[in-house]
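Enquirer: So that you have it, the file is target_28.cif, and it contains mmCIF, C-alpha atoms:
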```cif
data_final
loop_
_atom_site.label_atom_id
_atom_site.label_comp_id
_atom_site.auth_asym_id
_atom_site.auth_seq_id
_atom_site.Cartn_x
_atom_site.Cartn_y
_atom_site.Cartn_z
CA MET A 1 0.00 0.00 0.00
CA GLY A 2 1.37 3.46 -0.98
CA PHE A 3 1.85 6.27 1.50
CA ARG A 4 -1.22 8.20 0.35
CA ALA A 5 -3.46 5.13 0.50
CA HIS A 6 -2.13 4.24 3.93
CA ALA A 7 -2.73 7.79 5.23
CA SER A 8 -6.26 7.75 3.87
CA ALA A 9 -7.02 4.47 5.64
CA VAL A 10 -5.65 5.83 8.93
CA ARG A 11 -7.80 8.96 8.62
CA ARG A 12 -10.91 6.81 8.08
CA ILE A 13 -10.13 4.70 11.16
CA VAL A 14 -9.46 7.79 13.30
CA GLY A 15 -12.72 9.31 12.05
CA ILE A 16 -14.70 6.22 13.03
CA VAL A 17 -13.10 6.15 16.48
CA LEU A 18 -13.84 9.83 17.04
CA ALA A 19 -17.46 9.32 15.94
CA VAL A 20 -17.86 6.44 18.38
CA LEU A 21 -16.35 8.51 21.19
CA LEU A 22 -18.62 11.44 20.32
CA ILE A 23 -21.75 9.27 20.37
CA GLY A 24 -20.65 7.73 23.65
CA GLY A 25 -20.05 11.16 25.15
CA VAL A 26 -23.48 12.41 24.13
CA ALA A 27 -25.13 9.31 25.60
CA ALA A 28 -23.21 9.73 28.84
CA ALA A 29 -24.27 13.36 29.03
CA LEU A 30 -27.90 12.40 28.51
CA VAL A 31 -27.69 9.77 31.23
CA ALA A 32 -25.99 12.22 33.58
CA GLY A 33 -28.63 14.81 32.85
CA ARG A 34 -31.41 12.32 33.49
CA ASP A 35 -29.80 11.24 36.74
CA SER A 36 -29.43 14.87 37.78
CA ARG A 37 -33.06 15.57 36.93
CA ASP A 38 -34.25 12.54 38.91
CA THR A 39 -32.24 13.63 41.91
CA GLY A 40 -33.73 17.10 41.70
CA THR A 41 -37.30 15.81 41.91
CA ALA A 42 -36.70 12.96 44.33
CA THR A 43 -38.97 12.99 47.38
CA LYS A 44 -37.99 12.58 51.00
CA THR A 45 -39.85 9.84 52.84
CA VAL A 46 -41.68 11.04 55.93
CA ARG A 47 -43.18 8.47 58.30
CA GLY A 48 -45.99 9.03 60.75
CA VAL A 49 -48.76 7.50 62.83
CA ILE A 50 -52.24 8.96 62.26
CA GLY A 51 -55.83 8.62 63.43
CA SER A 52 -57.92 6.29 61.25
CA GLU A 53 -60.20 9.13 60.11
CA LYS A 54 -57.26 10.61 58.14
CA ALA A 55 -56.22 7.35 56.43
CA GLU A 56 -58.24 7.99 53.27
CA PHE A 57 -56.80 11.51 52.99
CA PHE A 58 -53.21 10.31 52.98
CA ALA A 59 -54.06 7.38 50.67
CA ASP A 60 -55.81 9.62 48.11
CA PRO A 61 -53.78 9.50 44.85
CA GLU A 62 -54.31 13.24 44.40
CA VAL A 63 -52.88 13.90 47.86
CA VAL A 64 -49.94 11.58 47.15
CA LYS A 65 -49.29 13.44 43.89
CA ALA A 66 -49.56 16.88 45.52
CA LEU A 67 -47.16 15.89 48.29
CA ALA A 68 -44.70 14.41 45.79
CA ALA A 69 -44.74 17.68 43.85
CA LYS A 70 -43.58 19.36 47.06
CA GLY A 71 -40.87 16.76 47.65
CA PHE A 72 -42.59 14.39 50.09
CA THR A 73 -43.46 10.72 50.13
CA VAL A 74 -45.59 10.12 53.23
CA THR A 75 -46.04 6.66 54.71
CA THR A 76 -48.50 6.21 57.57
CA GLU A 77 -49.91 3.68 59.98
CA THR A 78 -53.11 4.15 61.98
CA ALA A 79 -53.70 4.03 65.72
CA GLY A 80 -56.19 5.35 68.22
CA SER A 81 -55.20 8.88 69.20
CA TRP A 82 -54.70 7.97 72.86
CA ASP A 83 -52.98 4.70 71.93
CA MET A 84 -50.21 6.64 70.17
CA ASP A 85 -48.68 7.64 73.48
CA GLN A 86 -48.31 3.96 74.35
CA GLN A 87 -46.28 3.16 71.22
CA SER A 88 -42.52 3.46 70.82
CA LEU A 89 -42.83 5.80 67.79
CA GLN A 90 -39.17 5.15 67.05
CA GLY A 91 -38.37 6.04 63.45
CA GLN A 92 -41.52 8.15 63.10
CA ASP A 93 -41.25 11.73 61.87
CA PHE A 94 -44.63 12.80 63.23
CA ALA A 95 -47.77 11.75 65.06
CA PHE A 96 -51.13 13.10 63.95
CA PRO A 97 -53.81 12.47 66.59
CA SER A 98 -57.28 13.89 66.29
CA SER A 99 -57.17 16.64 68.89
CA LYS A 100 -55.04 18.78 71.18
CA ALA A 101 -55.31 16.62 74.31
CA PRO A 102 -53.56 13.48 72.99
CA ALA A 103 -51.15 15.75 71.11
CA ASP A 104 -50.22 17.40 74.41
CA ALA A 105 -49.42 13.98 75.82
CA LEU A 106 -47.06 13.37 72.90
CA ARG A 107 -45.26 16.72 72.88
CA GLY A 108 -42.83 15.73 75.60
CA ARG A 109 -41.38 13.11 73.27
CA SER A 110 -40.55 15.64 70.57
CA ALA A 111 -37.19 17.37 70.21
CA ILE A 112 -38.77 19.97 67.92
CA GLN A 113 -39.36 23.08 70.02
CA ALA A 114 -41.71 24.88 67.63
CA GLY A 115 -44.66 22.81 68.85
CA PRO A 116 -47.63 21.12 67.14
CA LEU A 117 -49.58 22.32 64.10
CA ARG A 118 -53.34 22.21 63.52
CA PRO A 119 -53.98 22.19 59.75
CA PHE A 120 -57.70 21.38 59.98
CA TYR A 121 -60.50 20.47 62.36
CA SER A 122 -63.91 18.80 62.49
CA PRO A 123 -66.77 18.95 65.01
CA LEU A 124 -68.21 15.78 66.46
CA VAL A 125 -71.72 14.91 65.29
CA VAL A 126 -74.16 12.05 65.70
CA VAL A 127 -75.42 10.27 62.59
CA ALA A 128 -78.87 8.73 62.83
CA HIS A 129 -81.20 6.81 60.57
CA ARG A 130 -84.23 8.89 59.66
CA SER A 131 -86.64 6.78 61.71
CA ALA A 132 -84.52 7.18 64.85
CA ALA A 133 -84.15 10.93 64.35
CA GLN A 134 -87.90 11.36 63.89
CA VAL A 135 -88.73 9.37 67.03
CA LEU A 136 -86.20 11.34 69.08
CA ALA A 137 -87.66 14.58 67.72
CA GLY A 138 -91.15 13.46 68.68
CA ASN A 139 -89.97 12.95 72.25
CA GLY A 140 -88.07 16.20 72.71
CA LEU A 141 -84.54 14.82 72.45
CA VAL A 142 -83.90 16.26 68.98
CA THR A 143 -84.93 19.41 67.15
CA MET A 144 -85.10 18.87 63.39
CA THR A 145 -83.88 21.64 61.05
CA GLY A 146 -84.98 19.78 57.92
CA ALA A 147 -85.50 16.23 56.77
CA ALA A 148 -81.82 15.31 57.00
CA ARG A 149 -80.37 17.58 59.69
CA GLY A 150 -81.13 18.43 63.28
CA THR A 151 -79.82 19.25 66.76
CA LEU A 152 -79.32 16.67 69.50
CA ARG A 153 -80.41 18.26 72.77
CA MET A 154 -77.75 17.05 75.15
CA GLU A 155 -79.51 17.67 78.48
CA PRO A 156 -82.66 15.67 77.59
CA TYR A 157 -80.51 12.97 75.98
CA LEU A 158 -78.30 12.61 79.06
CA ARG A 159 -81.37 12.45 81.32
CA ALA A 160 -82.71 9.64 79.16
CA ALA A 161 -79.36 7.86 79.40
CA ALA A 162 -79.31 8.26 83.19
CA ASP A 163 -82.81 6.76 83.35
CA ASP A 164 -81.88 3.84 81.06
CA ARG A 165 -84.63 4.91 78.68
CA THR A 166 -85.49 2.36 75.97
CA TRP A 167 -86.79 2.94 72.47
CA GLN A 168 -89.97 1.09 73.41
CA GLN A 169 -90.69 3.81 75.98
CA LEU A 170 -90.59 6.55 73.33
CA ARG A 171 -93.73 7.60 71.49
CA GLY A 172 -93.76 6.47 67.88
CA ALA A 173 -91.01 3.88 68.20
CA ASP A 174 -93.46 0.97 67.97
CA ALA A 175 -93.87 1.73 64.25
CA HIS A 176 -90.18 0.89 63.68
CA ALA A 177 -89.19 -2.68 64.50
CA GLU A 178 -85.49 -1.84 64.14
CA LEU A 179 -85.67 0.52 67.15
CA SER A 180 -85.42 -1.59 70.29
CA GLY A 181 -83.38 -1.78 73.47
CA THR A 182 -81.71 1.06 75.34
CA VAL A 183 -81.33 4.42 73.63
CA PHE A 184 -77.61 5.17 73.33
CA VAL A 185 -75.00 6.66 71.03
CA THR A 186 -72.26 4.36 69.78
CA SER A 187 -68.84 5.90 70.39
CA THR A 188 -65.25 4.70 70.26
CA ASP A 189 -63.20 3.43 73.21
CA PRO A 190 -62.39 6.60 75.21
CA VAL A 191 -59.19 5.11 76.61
CA ALA A 192 -57.77 4.58 73.11
CA SER A 193 -59.65 6.93 70.80
CA ASN A 194 -59.99 10.69 70.64
CA SER A 195 -63.63 10.86 69.56
CA GLY A 196 -64.72 8.62 72.44
CA ALA A 197 -62.80 10.72 74.97
CA LEU A 198 -64.20 13.99 73.61
CA TYR A 199 -67.73 12.54 73.81
CA LEU A 200 -67.18 12.08 77.54
CA ALA A 201 -65.74 15.59 77.85
CA ALA A 202 -68.88 17.12 76.30
CA ALA A 203 -71.21 14.90 78.35
CA SER A 204 -69.36 15.72 81.57
CA TYR A 205 -69.47 19.45 80.82
CA VAL A 206 -73.26 19.38 80.29
CA ALA A 207 -74.00 17.05 83.21
CA ASP A 208 -71.93 19.16 85.61
CA GLY A 209 -73.81 22.38 84.87
CA GLY A 210 -71.48 23.80 82.25
CA ARG A 211 -68.27 23.29 84.20
CA VAL A 212 -65.14 21.79 82.68
CA ALA A 213 -63.67 18.99 84.78
CA ALA A 214 -60.48 20.26 86.39
CA ASP A 215 -59.73 17.76 89.16
CA GLU A 216 -60.49 14.35 90.63
CA ALA A 217 -63.62 15.59 92.42
CA ALA A 218 -65.09 16.91 89.17
CA VAL A 219 -64.41 13.61 87.45
CA GLU A 220 -66.15 11.70 90.23
CA ARG A 221 -69.27 13.89 90.06
CA THR A 222 -70.15 12.70 86.57
CA ALA A 223 -68.44 9.28 86.60
CA PRO A 224 -71.67 7.27 87.22
CA LEU A 225 -73.35 8.81 84.16
CA LEU A 226 -70.27 8.39 81.99
CA ARG A 227 -70.05 4.72 82.97
CA LYS A 228 -73.62 4.24 81.77
CA LEU A 229 -72.82 5.90 78.44
CA ILE A 230 -69.95 3.46 77.90
CA ARG A 231 -71.18 0.20 79.46
CA VAL A 232 -74.42 0.09 77.49
CA GLN A 233 -72.38 -0.14 74.28
CA GLY A 234 -70.52 -3.36 75.01
CA ALA A 235 -67.37 -3.81 72.93
CA GLN A 236 -66.07 -0.60 71.36
CA GLN A 237 -63.85 0.15 68.39
CA THR A 238 -60.55 2.02 68.81
CA GLY A 239 -61.10 4.19 65.72
CA SER A 240 -64.06 6.10 64.28
CA ASP A 241 -63.74 4.72 60.75
CA ALA A 242 -65.23 1.26 61.38
CA PRO A 243 -68.39 2.39 63.26
CA PHE A 244 -69.15 4.91 60.51
CA ARG A 245 -68.70 2.30 57.79
CA ASP A 246 -70.99 -0.05 59.68
CA PHE A 247 -73.63 2.66 59.98
CA VAL A 248 -73.50 3.50 56.26
CA SER A 249 -73.78 -0.18 55.34
CA GLY A 250 -76.92 -0.44 57.47
CA VAL A 251 -75.66 -2.49 60.41
CA GLY A 252 -75.15 -1.63 64.05
CA ASN A 253 -76.75 0.96 66.31
CA PRO A 254 -79.08 3.65 64.81
CA LEU A 255 -77.10 6.44 66.55
CA VAL A 256 -73.33 6.75 66.04
CA LEU A 257 -70.85 9.43 67.07
CA VAL A 258 -68.56 10.39 64.17
CA TYR A 259 -66.59 13.33 62.86
CA GLU A 260 -68.47 15.74 60.60
CA SER A 261 -65.57 15.27 58.16
CA GLN A 262 -66.61 11.65 57.60
CA VAL A 263 -70.11 12.72 56.55
CA ALA A 264 -68.85 15.64 54.45
CA ALA A 265 -66.36 13.40 52.64
CA LEU A 266 -69.14 10.93 51.83
CA LEU A 267 -71.25 13.72 50.33
CA LEU A 268 -68.43 15.54 48.50
CA GLN A 269 -67.26 12.32 46.88
CA GLY A 270 -70.73 11.65 45.49
CA GLN A 271 -71.59 8.58 47.56
CA ASP A 272 -75.20 7.80 48.41
CA PRO A 273 -75.93 8.79 52.04
CA GLY A 274 -79.18 6.82 52.13
CA ASP A 275 -81.41 7.87 55.03
CA LEU A 276 -78.51 9.36 56.99
CA VAL A 277 -79.49 12.30 59.20
CA VAL A 278 -76.82 14.51 60.81
CA LEU A 279 -77.51 15.59 64.39
CA TYR A 280 -75.27 18.35 65.72
CA PRO A 281 -75.14 18.14 69.53
CA ASP A 282 -76.09 21.52 70.99
CA THR A 283 -72.95 21.14 73.10
CA THR A 284 -70.10 19.44 71.31
CA VAL A 285 -66.35 19.50 70.89
CA SER A 286 -64.44 20.35 67.74
CA SER A 287 -61.61 17.97 67.08
CA ASP A 288 -58.49 19.95 66.17
CA HIS A 289 -56.42 17.47 64.18
CA THR A 290 -52.99 18.20 65.61
CA LEU A 291 -49.69 17.16 64.05
CA VAL A 292 -46.84 16.66 66.50
CA PRO A 293 -43.48 16.73 64.67
CA PHE A 294 -40.59 14.60 65.93
CA THR A 295 -38.15 15.64 63.19
CA GLY A 296 -37.56 18.61 60.94
CA SER A 297 -39.17 16.70 58.06
CA GLY A 298 -42.28 16.13 60.14
CA ARG A 299 -42.42 19.83 60.92
CA GLU A 300 -42.08 20.71 57.22
CA LEU A 301 -44.97 18.38 56.38
CA GLY A 302 -47.23 19.91 59.02
CA THR A 303 -46.46 23.42 57.80
CA LEU A 304 -47.19 22.37 54.23
CA LEU A 305 -50.57 20.84 55.13
CA ALA A 306 -51.57 24.06 56.84
CA SER A 307 -50.30 26.53 54.24
CA ASP A 308 -50.57 24.96 50.79
CA ALA A 309 -53.82 25.92 49.02
CA GLY A 310 -53.90 22.75 46.93
CA LEU A 311 -53.54 20.47 49.94
CA ARG A 312 -56.15 22.49 51.85
CA ALA A 313 -58.58 21.98 48.96
CA LEU A 314 -57.91 18.23 49.09
CA ALA A 315 -58.44 18.25 52.87
CA VAL A 316 -61.82 19.91 52.29
CA ARG A 317 -62.69 17.21 49.76
CA HIS A 318 -62.13 14.76 52.59
CA GLY A 319 -64.53 16.77 54.76
CA PHE A 320 -62.11 18.67 56.98
CA ARG A 321 -62.50 22.36 57.83
CA PRO A 322 -59.15 24.15 57.23
CA GLN A 323 -57.99 26.33 60.11
CA GLY A 324 -58.46 30.00 59.24
CA ALA A 325 -60.08 29.27 55.87
CA ALA A 326 -63.80 28.82 56.60
CA ALA A 327 -64.78 30.13 53.16
CA GLU A 328 -63.09 27.16 51.48
CA PHE A 329 -65.26 24.65 53.36
CA THR A 330 -68.38 26.79 52.86
CA ALA A 331 -67.87 26.98 49.10
CA ALA A 332 -67.15 23.27 48.71
CA THR A 333 -70.19 22.14 50.71
CA ALA A 334 -72.73 24.63 49.34
CA ALA A 335 -74.74 21.85 47.70
CA HIS A 336 -75.03 19.86 50.94
CA THR A 337 -76.48 22.29 53.46
CA ASP A 338 -79.47 19.98 53.88
CA ARG A 339 -77.14 17.81 56.00
CA LEU A 340 -74.16 20.03 56.89
CA ASP A 341 -74.42 23.05 59.18
CA GLN A 342 -71.69 25.21 57.67
CA LYS A 343 -71.81 27.89 60.38
CA LEU A 344 -72.47 25.52 63.30
CA THR A 345 -75.51 27.60 64.21
CA GLY A 346 -76.51 27.25 67.86
CA VAL A 347 -73.72 24.79 68.63
CA ARG A 348 -71.83 25.48 71.86
CA GLN A 349 -68.22 24.34 72.14
CA ALA A 350 -67.44 22.60 75.41
CA PRO A 351 -63.97 23.29 76.84
CA VAL A 352 -61.78 20.20 76.91
CA PRO A 353 -60.09 19.12 80.16
CA THR A 354 -56.35 18.73 80.33
CA ALA A 355 -54.86 15.55 78.90
CA ALA A 356 -54.33 14.11 82.39
CA VAL A 357 -57.90 14.81 83.53
CA LEU A 358 -59.38 13.53 80.28
CA ARG A 359 -57.42 10.29 80.56
CA THR A 360 -58.61 9.83 84.14
CA MET A 361 -62.19 10.52 83.03
CA ALA A 362 -61.93 7.85 80.31
CA GLN A 363 -60.47 5.30 82.72
CA ARG A 364 -63.22 5.94 85.27
CA ALA A 365 -65.88 5.53 82.60
CA ARG A 366 -64.41 2.17 81.59
CA SER A 367 -63.85 0.90 85.14
#
```
Would it be possible to restate this file's structure as structure tokens?
Expert:
Amino acid sequence: MGFRAHASAVRRIVGIVLAVLLIGGVAAALVAGRDSRDTGTATKTVRGVIGSEKAEFFADPEVVKALAAKGFTVTTETAGSWDMDQQSLQGQDFAFPSSKAPADALRGRSAIQAGPLRPFYSPLVVVAHRSAAQVLAGNGLVTMTGAARGTLRMEPYLRAAADDRTWQQLRGADAHAELSGTVFVTSTDPVASNSGALYLAAASYVADGGRVAADEAAVERTAPLLRKLIRVQGAQQTGSDAPFRDFVSGVGNPLVLVYESQVAALLLQGQDPGDLVVLYPDTTVSSDHTLVPFTGSGRELGTLLASDAGLRALAVRHGFRPQGAAAEFTAATAAHTDRLDQKLTGVRQAPVPTAAVLRTMAQRARS
């Protein structure tokens, strides 16, 4: 081969090698860019223990997507709000019980000094089947606002409970075979669950002449009545989700204590409420869902839930009332005022005892 031919062949080989290197370099750059982009949008995993009434919120694909867009992957497990304090909580970034009292019991285990956050709240209500609501109204225990909403008059109801009143003793109940036995409201276990404990707090407040229990003597004054409210129920659930599902499916007691958020979520998601009637106790307790952060990531999540408009809108879709944003709940539930009392008209908020007193009250009621 002559010199010129040899040089030409070398140039071709060098050209091929350079082309291969160039293609390889471009591919490497693309891979590096993709890796860099993935790292930039990666989410941090935040772990927490929550009340069962918030399980559907955190499992909602739209909520998962909204949190991921802000850099969070949230994994949760459920527990009764008062049960949380009995768990190790090691490896958890936050706890999210259903009110301030169990949150106060958890705060001592947090190294985060900024304190808990309350992104949203929900008042306690009683759901009733229409026949039960009408019979109670006919006997002065309920005042109906419409066909599907009313007010449970706590003083007459508690007198009936103290007297062990049965449905058969109420006028009009004989027309409804499903109404039999003692008149009572199904609630959750007050030792383990927030809603059950707050039910006792409201009942104690009414029964003791509008005084919040502040010591052992106050607890003892209403303990006999509170025991009746609990013992008549038999076995109790540790979360509010199961009793509400049972009620909607048509089984169990005709009167069940739930969070308003559970009813609102049912309505806002287009599910059939059947003959469900919402009774707002004239004296009730609003459940301030309170996030207790154990790590900086837990604190960031709580702040995000309270401040992000998109996540607040999703919380409303799950029936919660955002703190400081009443108009958002009002607008979303405008089509359901036949069942939901947006302004909580005529509803008095009972003060809640301290965590220590409330726990003692629950234990006395179960003893």
Enquirer: Quick one: which stretch 167-196 of chain A residues come within 12 Å of stretch 281-305 of chain A, and what is the nearest atom pair for each with the distance in Å to one decimal, counting only C-alpha atoms, rows ordered by chain and ascending number, as a Markdown table?
Expert:
```
| residue | atom | partner | partner_atom | distance |
| --- | --- | --- | --- | --- |
| A:Val185 | CA | A:Pro281 | CA | 11.6 |
| A:Ser193 | CA | A:Ser287 | CA | 11.8 |
| A:Asn194 | CA | A:Ser287 | CA | 8.3 |
| A:Ser195 | CA | A:Ser287 | CA | 7.8 |
| A:Gly196 | CA | A:Val285 | CA | 11.1 |
```
Enquirer: Between atom CA of A:Leu124 and atom CA of A:Asp163, what is the spacing in Å?
Expert: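 Going from atom CA of A:Asp163 over to atom CA of A:Leu124, I get 24.1 Å.
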Enquirer: Identify the residues within 12 Å of coordinate (-48.6, 19.5, 44.6) (same frame as the file), considering all atoms listed in the file, and give the answer as a ChimeraX atom specification.
Expert: /A:43,61-73,304-305,308-314
Enquirer: For A:Ala335, which residue out of A:Asp60, A:Val256, A:Leu268, A:Glu155 is the nearest one, using only C-alpha atoms?
Expert: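 Result for the nearest residue to A:Ala335: A:Leu268.
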Enquirer: Taking the point (-88.6, 4.3, 75.0) as given in the file, collect each protein or nucleic acid residue that comes within 10 Å of it, counting all atoms listed in the file, and present the set as a list in words.
Expert: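 Residues found, by chain and rising number: Val135, Leu136, Asn139, Ala160, Asp164, Arg165, Thr166, Trp167, Gln168, Gln169, Leu170, Arg171, Gly172, Ala173, Asp174, Leu179, Ser180, Gly181, Thr182 and Val183 of chain A.
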Enquirer: Report as a PDB file with C-alpha atoms, in the coordinates of the input all protein, DNA and RNA residues lying within 7 Å of stretch 47-56 of chain A, evaluated on all atoms listed in the file, omitting residues in the same chain fewer than 3 positions from it.
Expert:
```
ATOM      1  CA  ALA A  59     -54.060   7.380  50.670  1.00  0.00           C
ATOM      2  CA  ASP A  60     -55.810   9.620  48.110  1.00  0.00           C
ATOM      3  CA  VAL A  74     -45.590  10.120  53.230  1.00  0.00           C
ATOM      4  CA  THR A  75     -46.040   6.660  54.710  1.00  0.00           C
ATOM      5  CA  THR A  76     -48.500   6.210  57.570  1.00  0.00           C
ATOM      6  CA  GLU A  77     -49.910   3.680  59.980  1.00  0.00           C
ATOM      7  CA  THR A  78     -53.110   4.150  61.980  1.00  0.00           C
ATOM      8  CA  ALA A  79     -53.700   4.030  65.720  1.00  0.00           C
ATOM      9  CA  GLY A  80     -56.190   5.350  68.220  1.00  0.00           C
ATOM     10  CA  SER A  81     -55.200   8.880  69.200  1.00  0.00           C
ATOM     11  CA  GLN A  92     -41.520   8.150  63.100  1.00  0.00           C
ATOM     12  CA  ASP A  93     -41.250  11.730  61.870  1.00  0.00           C
ATOM     13  CA  PHE A  94     -44.630  12.800  63.230  1.00  0.00           C
ATOM     14  CA  ALA A  95     -47.770  11.750  65.060  1.00  0.00           C
ATOM     15  CA  PHE A  96     -51.130  13.100  63.950  1.00  0.00           C
ATOM     16  CA  PRO A  97     -53.810  12.470  66.590  1.00  0.00           C
ATOM     17  CA  SER A  98     -57.280  13.890  66.290  1.00  0.00           C
ATOM     18  CA  GLY A 239     -61.100   4.190  65.720  1.00  0.00           C
ATOM     19  CA  SER A 240     -64.060   6.100  64.280  1.00  0.00           C
ATOM     20  CA  ASP A 241     -63.740   4.720  60.750  1.00  0.00           C
TER      21      ASP A 241
END
```
Enquirer: Given all atoms listed in the file as the basis, pick out the residue of A:Pro224, A:Pro351, A:Pro156, A:Pro123 nearest to A:Ala202.
Expert: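 Looking at the shortest contact to A:Ala202, the residue is A:Pro351.
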Enquirer: Rounded to one decimal, what separation in Å do you get between atom CA of A:Pro322 and atom CA of A:Leu255?
Expert: 26.9 Å
Enquirer: Can you work out which one of A:Ser131, A:Ile230, A:Thr186, A:Ser110 has the shortest atom-to-atom distance to A:Ser367, counting all atoms listed in the file?
Expert: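 The answer is A:Ile230, which sits nearest to A:Ser367.
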Enquirer: If you count all atoms listed in the file, which residues fall within 8 Å of A:Leu340, apart from same-chain ones fewer than 6 positions away, as a list of chain:residue names?
Expert: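 Final neighbour list, sorted by chain and number: A:Arg149, A:Ala264, A:Val278, A:Thr333.
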Enquirer: Could you name the residues that touch A:Ala334 at 12 Å or less, counting only C-alpha atoms, but leaving out those on the same chain fewer than 5 positions away, as a PyMOL selection string?
Expert: chain A and resi 264+267-268+327-329+339-343
Enquirer: Using only C-alpha atoms, can you tell me which of A:Ala332, A:Thr222, A:Gln236, A:Thr145 comes closest to A:Gln269?
Expert: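 When distances to A:Gln269 are compared using only C-alpha atoms, the smallest one comes from A:Ala332.
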Enquirer: Here's the selection I'm unsure about, the PyMOL selection byres ((chain A and resi 212) around 10); applied to the file above, which residues does it give, as an NGL selection string?
Expert: :A and (201-202 or 204-206 or 208-211 or 213-215 or 218-219 or 350-354)
Enquirer: Calculate how many Å separate atom CA of A:Thr45 from atom CA of A:Ala101, rounding to one decimal.
Expert: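 Atom CA of A:Thr45 sits 27.3 Å away from atom CA of A:Ala101.
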Enquirer: Please identify all polymer residues within 10 Å of A:Lys228, counting all atoms listed in the file, omitting same-chain residues fewer than 3 positions from it, and present them as a PyMOL selection string.
Expert: chain A and resi 158+161-164+184+223-225+231-233+365-366
Enquirer: May I have the selected residues written with C-alpha atoms, as a tab-separated table (two decimals), in the frame of the given file?
Expert:
```tsv
chain	number	residue	atom	x	y	z
A	158	LEU	CA	-78.30	12.61	79.06
A	161	ALA	CA	-79.36	7.86	79.40
A	162	ALA	CA	-79.31	8.26	83.19
A	163	ASP	CA	-82.81	6.76	83.35
A	164	ASP	CA	-81.88	3.84	81.06
A	184	PHE	CA	-77.61	5.17	73.33
A	223	ALA	CA	-68.44	9.28	86.60
A	224	PRO	CA	-71.67	7.27	87.22
A	225	LEU	CA	-73.35	8.81	84.16
A	231	ARG	CA	-71.18	0.20	79.46
A	232	VAL	CA	-74.42	0.09	77.49
A	233	GLN	CA	-72.38	-0.14	74.28
A	365	ALA	CA	-65.88	5.53	82.60
A	366	ARG	CA	-64.41	2.17	81.59
```
Enquirer: With only C-alpha atoms as the basis for distance, which of A:Gly150, A:Gly234, A:Pro190, A:Gly140 is at the shortest distance from A:Val277?
Expert: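 Ranked by minimum distance to A:Val277, first place goes to A:Gly150.
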Enquirer: Since the input lacks some atoms of stretch 158-172 of chain A, please model N, CA and C atoms and print them as a PDB file, in the frame of the given file.
Expert:
```pdb
ATOM      1  N   LEU A 158     -79.035  13.154  77.914  1.00  0.00           N
ATOM      2  CA  LEU A 158     -78.300  12.610  79.060  1.00  0.00           C
ATOM      3  C   LEU A 158     -79.256  12.194  80.175  1.00  0.00           C
ATOM      4  N   ARG A 159     -80.366  12.896  80.338  1.00  0.00           N
ATOM      5  CA  ARG A 159     -81.370  12.450  81.320  1.00  0.00           C
ATOM      6  C   ARG A 159     -81.939  11.099  80.922  1.00  0.00           C
ATOM      7  N   ALA A 160     -82.203  10.933  79.633  1.00  0.00           N
ATOM      8  CA  ALA A 160     -82.710   9.640  79.160  1.00  0.00           C
ATOM      9  C   ALA A 160     -81.687   8.538  79.394  1.00  0.00           C
ATOM     10  N   ALA A 161     -80.412   8.856  79.179  1.00  0.00           N
ATOM     11  CA  ALA A 161     -79.360   7.860  79.400  1.00  0.00           C
ATOM     12  C   ALA A 161     -79.265   7.504  80.885  1.00  0.00           C
ATOM     13  N   ALA A 162     -79.378   8.516  81.754  1.00  0.00           N
ATOM     14  CA  ALA A 162     -79.310   8.260  83.190  1.00  0.00           C
ATOM     15  C   ALA A 162     -80.469   7.395  83.659  1.00  0.00           C
ATOM     16  N   ASP A 163     -81.612   7.529  82.984  1.00  0.00           N
ATOM     17  CA  ASP A 163     -82.810   6.760  83.350  1.00  0.00           C
ATOM     18  C   ASP A 163     -82.898   5.424  82.626  1.00  0.00           C
ATOM     19  N   ASP A 164     -81.881   5.086  81.839  1.00  0.00           N
ATOM     20  CA  ASP A 164     -81.880   3.840  81.060  1.00  0.00           C
ATOM     21  C   ASP A 164     -83.096   3.753  80.140  1.00  0.00           C
ATOM     22  N   ARG A 165     -83.458   4.861  79.539  1.00  0.00           N
ATOM     23  CA  ARG A 165     -84.630   4.910  78.680  1.00  0.00           C
ATOM     24  C   ARG A 165     -84.467   3.949  77.488  1.00  0.00           C
ATOM     25  N   THR A 166     -85.518   3.251  77.129  1.00  0.00           N
ATOM     26  CA  THR A 166     -85.490   2.360  75.970  1.00  0.00           C
ATOM     27  C   THR A 166     -86.287   2.975  74.830  1.00  0.00           C
ATOM     28  N   TRP A 167     -86.026   2.462  73.631  1.00  0.00           N
ATOM     29  CA  TRP A 167     -86.790   2.940  72.470  1.00  0.00           C
ATOM     30  C   TRP A 167     -88.273   2.624  72.645  1.00  0.00           C
ATOM     31  N   GLN A 168     -88.575   1.487  73.249  1.00  0.00           N
ATOM     32  CA  GLN A 168     -89.970   1.090  73.410  1.00  0.00           C
ATOM     33  C   GLN A 168     -90.745   2.063  74.298  1.00  0.00           C
ATOM     34  N   GLN A 169     -90.034   2.837  75.114  1.00  0.00           N
ATOM     35  CA  GLN A 169     -90.690   3.810  75.980  1.00  0.00           C
ATOM     36  C   GLN A 169     -90.927   5.156  75.288  1.00  0.00           C
ATOM     37  N   LEU A 170     -90.442   5.297  74.062  1.00  0.00           N
ATOM     38  CA  LEU A 170     -90.590   6.550  73.330  1.00  0.00           C
ATOM     39  C   LEU A 170     -91.792   6.477  72.396  1.00  0.00           C
ATOM     40  N   ARG A 171     -92.566   7.550  72.367  1.00  0.00           N
ATOM     41  CA  ARG A 171     -93.730   7.600  71.490  1.00  0.00           C
ATOM     42  C   ARG A 171     -93.289   7.459  70.026  1.00  0.00           C
ATOM     43  N   GLY A 172     -94.010   6.635  69.301  1.00  0.00           N
ATOM     44  CA  GLY A 172     -93.760   6.470  67.880  1.00  0.00           C
ATOM     45  C   GLY A 172     -92.758   5.398  67.519  1.00  0.00           C
TER      46      GLY A 172
END
```
